[in-house]
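A quick write-up on the structure given underneath.
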Protein chains: 2
Amino acid sequence: MQLFYSEHISPTTILLPEEESVHCTKVLRHSIGHSIQIVDGKGTLYDAEIIEIHKKQTLCSIKAAHNNFGVHPYFLRMCVAPTKNIDRFEFFLEKAVEMGVNEIIPLQCDNSERTIIKHERLERICISAMKQSYKAQKPFIAPIQKCSTILTNKYEGVCCIAHCSDSEHKKSLFPLITKGISTTILIGPEGDFSPNEIALAQQNNWTEVHLGTSRLRTETAAIAAVHSVYVKHFE
Amino acid sequence: MQLFYSEHISPTTILLPEEESVHCTKVLRHSIGHSIQIVDGKGTLYDAEIIEIHKKQTLCSIKAAHNNFGVHPYFLRMCVAPTKNIDRFEFFLEKAVEMGVNEIIPLQCDNSERTIIKHERLERICISAMKQSYKAQKPFIAPIQKCSTILTNKYEGVCCIAHCSDSEHKKSLFPLITKGISTTILIGPEGDFSPNEIALAQQNNWTEVHLGTSRLRTETAAIAAVHSVYVKHFE
């Protein structure tokens, strides 16, 4: 089943924006009177009927609304340093949305080789993955932020930093994840977090974690972390 | 640390083949007398010294051998239908090698849109991921095989099929994975396994499993399955 996405929702009608409208009426050849399903990115799926088709937009009337559609049963914030090759970060993003994530904070770390991201492109990937995996909720993607800023923020719940340096304090991530408690996980860039960043994490009581004995790439570690939270809620 | 790969290993020397030799001596500018590390894809890492450099090959003498280097503590066979867009299957393969997998069987299913794979290309991806993730063992990649053939084979240990149809017998994969027991997991193509394939799995006592409530793409499901086995051994 094909889902459409719109942010333009009134109490009785929904306006499909240009890209979605063209896909709906030109590519899939839907016409007036057809029933379609539209998600708002905030957790609601609407059953709707097409009532007007214009060149750049399509107007639909709302028939039913389903709240919390495809919403995952946990809160997960992933703070991940974008990879030098952005395809790898985008792949992580797609997989994270498919499994379920609430907030993505791209991190600018001391060892980051990439400090610029195209926010609009990442949004588009999120929307596409949300529709593909049949969910109505889209994660919030924050602007890129300094790792030191995030490390001095206070977040509720379990807050972990997955780094590759030796540390006697490191624990396995999986047993730390707890149902009903939000999780925030930091994943560093290709060159790992710097000693200063790790020290700052320790000072601010972040829990140092590892993801098993394999040496994982940034995007693999990030996918593994999301899946750890996901699987914990379905084991 | 950079690893090199060779299959040409005698009791005292190792010959780097053309691609590895060029990378070692031309790109990284190693010369005679330098120490390098070479893996054999079978689980052994060698400390070696370069003794002769030729145009298309480099000869090294073995200084030490480390068995079971970076070898994961489980046996996992993944049978996965290659995706229509092969990049997605290749991404799964890379992630599987990074975490740890022993055998990959590409599946030809009733609903497969892709029935041809380039074996040599998949081998190259495996070798590259093995070196990148600092392992000495490379999974065996079987030729593509009919799903019905695999379903009627007898494999030791836990044998699961992850399909998307409704079935009262479906269990969550994660609790089924057991330390010390081999695992074989089947992941279907974009259109899922056919009703005939699911019936054949039931007749042959494959355990029907799900991977949580999210609708995952083929490669995401395959990565999630590998990570489930991986995390079970490090929780």
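Labeling convention for the structure tokens: chains A, B, ... as they appear, residues from 1 per chain, ligands from 1 in order of appearance.
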Produce a table with one row for each residue of chain B that has an atom at most 8 Å from any atom of chain A, each row naming the nearest atom pair and its distance in Å at one decimal; use only C-alpha atoms; arrange rows by chain and rising residue number; format as a Markdown table.
| residue | atom | partner | partner_atom | distance |
| --- | --- | --- | --- | --- |
| B:Gly70 | CA | A:Ser214 | CA | 7.2 |
| B:His72 | CA | A:Ser214 | CA | 8.0 |
| B:Lys95 | CA | A:Thr220 | CA | 6.4 |
| B:Glu98 | CA | A:Leu216 | CA | 5.9 |
| B:Met99 | CA | A:Ser214 | CA | 5.9 |
| B:Gly100 | CA | A:Ser214 | CA | 7.7 |
| B:Ser133 | CA | A:Arg215 | CA | 5.0 |
| B:Tyr134 | CA | A:Arg215 | CA | 6.7 |
| B:Ser172 | CA | A:Glu235 | CA | 6.3 |
| B:Leu173 | CA | A:Glu235 | CA | 7.7 |
| B:Phe174 | CA | A:Glu235 | CA | 5.6 |
| B:Pro175 | CA | A:Glu235 | CA | 6.1 |
| B:Leu211 | CA | A:Phe234 | CA | 7.8 |
| B:Gly212 | CA | A:Phe234 | CA | 5.4 |
| B:Thr213 | CA | A:Phe234 | CA | 7.9 |
| B:Ser214 | CA | A:Met99 | CA | 5.9 |
| B:Arg215 | CA | A:Ser133 | CA | 5.0 |
| B:Leu216 | CA | A:Glu98 | CA | 6.0 |
| B:Arg217 | CA | A:Ser133 | CA | 7.6 |
| B:Thr220 | CA | A:Lys95 | CA | 6.4 |
| B:Ala224 | CA | A:His227 | CA | 6.6 |
| B:His227 | CA | A:Ala224 | CA | 6.6 |
| B:Ser228 | CA | A:Val231 | CA | 7.6 |
| B:Tyr230 | CA | A:Gly212 | CA | 7.8 |
| B:Val231 | CA | A:Gly212 | CA | 7.0 |
| B:Phe234 | CA | A:Gly212 | CA | 5.4 |
| B:Glu235 | CA | A:Phe174 | CA | 5.6 |
Shell around Glu90 (chain A) at 12 Å using only C-alpha atoms, local window under 3 positions removed, as number ranges by chain
A: 80-87, 93-97, 104, 106, 117-119, 121-126, 128-129, 218-220, 222-223
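Going from CA of Leu28 (chain B) over to CA of Gln108 (chain A), you cover 29.1 Å.
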Quick one: residues within 12 Å of His23 (chain A), only C-alpha atoms, excluding same-chain residues fewer than 6 positions away - as a list of chain:residue names?
A:Gln2, A:Leu3, A:Phe4, A:Tyr5, A:Leu16, A:Pro17, A:Arg29, A:His30, A:Ser31, A:Lys55, A:Lys56, A:Gln57, A:Thr58
Go ahead and save the picked residues with N, CA, C and O atoms, as a PDB file, in the first residue's frame.
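Printed below is selection22.pdb as written:
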ATOM      1  N   GLN A   2       0.534   2.210  -0.849  1.00  0.00           N
ATOM      2  CA  GLN A   2       1.330   3.427  -1.012  1.00  0.00           C
ATOM      3  C   GLN A   2       0.839   4.498  -0.028  1.00  0.00           C
ATOM      4  O   GLN A   2      -0.353   4.756   0.058  1.00  0.00           O
ATOM      5  N   LEU A   3       1.745   5.101   0.708  1.00  0.00           N
ATOM      6  CA  LEU A   3       1.376   6.223   1.578  1.00  0.00           C
ATOM      7  C   LEU A   3       1.822   7.534   0.940  1.00  0.00           C
ATOM      8  O   LEU A   3       2.832   7.584   0.245  1.00  0.00           O
ATOM      9  N   PHE A   4       1.071   8.602   1.201  1.00  0.00           N
ATOM     10  CA  PHE A   4       1.486   9.939   0.790  1.00  0.00           C
ATOM     11  C   PHE A   4       1.774  10.752   2.048  1.00  0.00           C
ATOM     12  O   PHE A   4       1.365  10.366   3.149  1.00  0.00           O
ATOM     13  N   TYR A   5       2.473  11.872   1.857  1.00  0.00           N
ATOM     14  CA  TYR A   5       2.877  12.694   3.001  1.00  0.00           C
ATOM     15  C   TYR A   5       2.449  14.137   2.793  1.00  0.00           C
ATOM     16  O   TYR A   5       2.594  14.682   1.699  1.00  0.00           O
ATOM     17  N   LEU A  16      -2.196  17.859  -0.746  1.00  0.00           N
ATOM     18  CA  LEU A  16      -0.920  17.216  -1.088  1.00  0.00           C
ATOM     19  C   LEU A  16      -0.048  18.248  -1.780  1.00  0.00           C
ATOM     20  O   LEU A  16      -0.468  18.880  -2.744  1.00  0.00           O
ATOM     21  N   PRO A  17       1.211  18.422  -1.323  1.00  0.00           N
ATOM     22  CA  PRO A  17       2.110  19.385  -1.974  1.00  0.00           C
ATOM     23  C   PRO A  17       2.558  18.854  -3.345  1.00  0.00           C
ATOM     24  O   PRO A  17       2.294  17.702  -3.692  1.00  0.00           O
ATOM     25  N   ARG A  29      -1.670   7.728 -11.262  1.00  0.00           N
ATOM     26  CA  ARG A  29      -2.924   7.982 -11.994  1.00  0.00           C
ATOM     27  C   ARG A  29      -4.180   7.901 -11.128  1.00  0.00           C
ATOM     28  O   ARG A  29      -5.226   7.426 -11.570  1.00  0.00           O
ATOM     29  N   HIS A  30      -4.053   8.367  -9.881  1.00  0.00           N
ATOM     30  CA  HIS A  30      -5.258   8.474  -9.054  1.00  0.00           C
ATOM     31  C   HIS A  30      -6.111   9.639  -9.569  1.00  0.00           C
ATOM     32  O   HIS A  30      -5.559  10.639 -10.044  1.00  0.00           O
ATOM     33  N   SER A  31      -7.432   9.518  -9.459  1.00  0.00           N
ATOM     34  CA  SER A  31      -8.299  10.621  -9.917  1.00  0.00           C
ATOM     35  C   SER A  31      -9.362  10.930  -8.861  1.00  0.00           C
ATOM     36  O   SER A  31      -9.407  10.281  -7.798  1.00  0.00           O
ATOM     37  N   LYS A  55      -2.848  21.546 -10.944  1.00  0.00           N
ATOM     38  CA  LYS A  55      -1.563  21.241 -11.595  1.00  0.00           C
ATOM     39  C   LYS A  55      -0.484  20.888 -10.557  1.00  0.00           C
ATOM     40  O   LYS A  55       0.279  19.953 -10.750  1.00  0.00           O
ATOM     41  N   LYS A  56      -0.431  21.660  -9.472  1.00  0.00           N
ATOM     42  CA  LYS A  56       0.657  21.484  -8.517  1.00  0.00           C
ATOM     43  C   LYS A  56       0.202  21.028  -7.133  1.00  0.00           C
ATOM     44  O   LYS A  56       1.001  20.975  -6.198  1.00  0.00           O
ATOM     45  N   GLN A  57      -1.087  20.779  -6.976  1.00  0.00           N
ATOM     46  CA  GLN A  57      -1.541  20.260  -5.684  1.00  0.00           C
ATOM     47  C   GLN A  57      -2.845  19.495  -5.830  1.00  0.00           C
ATOM     48  O   GLN A  57      -3.565  19.651  -6.819  1.00  0.00           O
ATOM     49  N   THR A  58      -3.104  18.645  -4.845  1.00  0.00           N
ATOM     50  CA  THR A  58      -4.312  17.826  -4.861  1.00  0.00           C
ATOM     51  C   THR A  58      -5.011  17.996  -3.518  1.00  0.00           C
ATOM     52  O   THR A  58      -4.359  17.925  -2.470  1.00  0.00           O
TER      53      THR A  58
END
Using only C-alpha atoms, pick whichever of B:Glu168, B:Glu49, B:Glu120, B:Glu208 has the shortest atom-to-atom distance to Ile141 (chain B).
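For Ile141 (chain B), the nearest of the candidates is B:Glu120.
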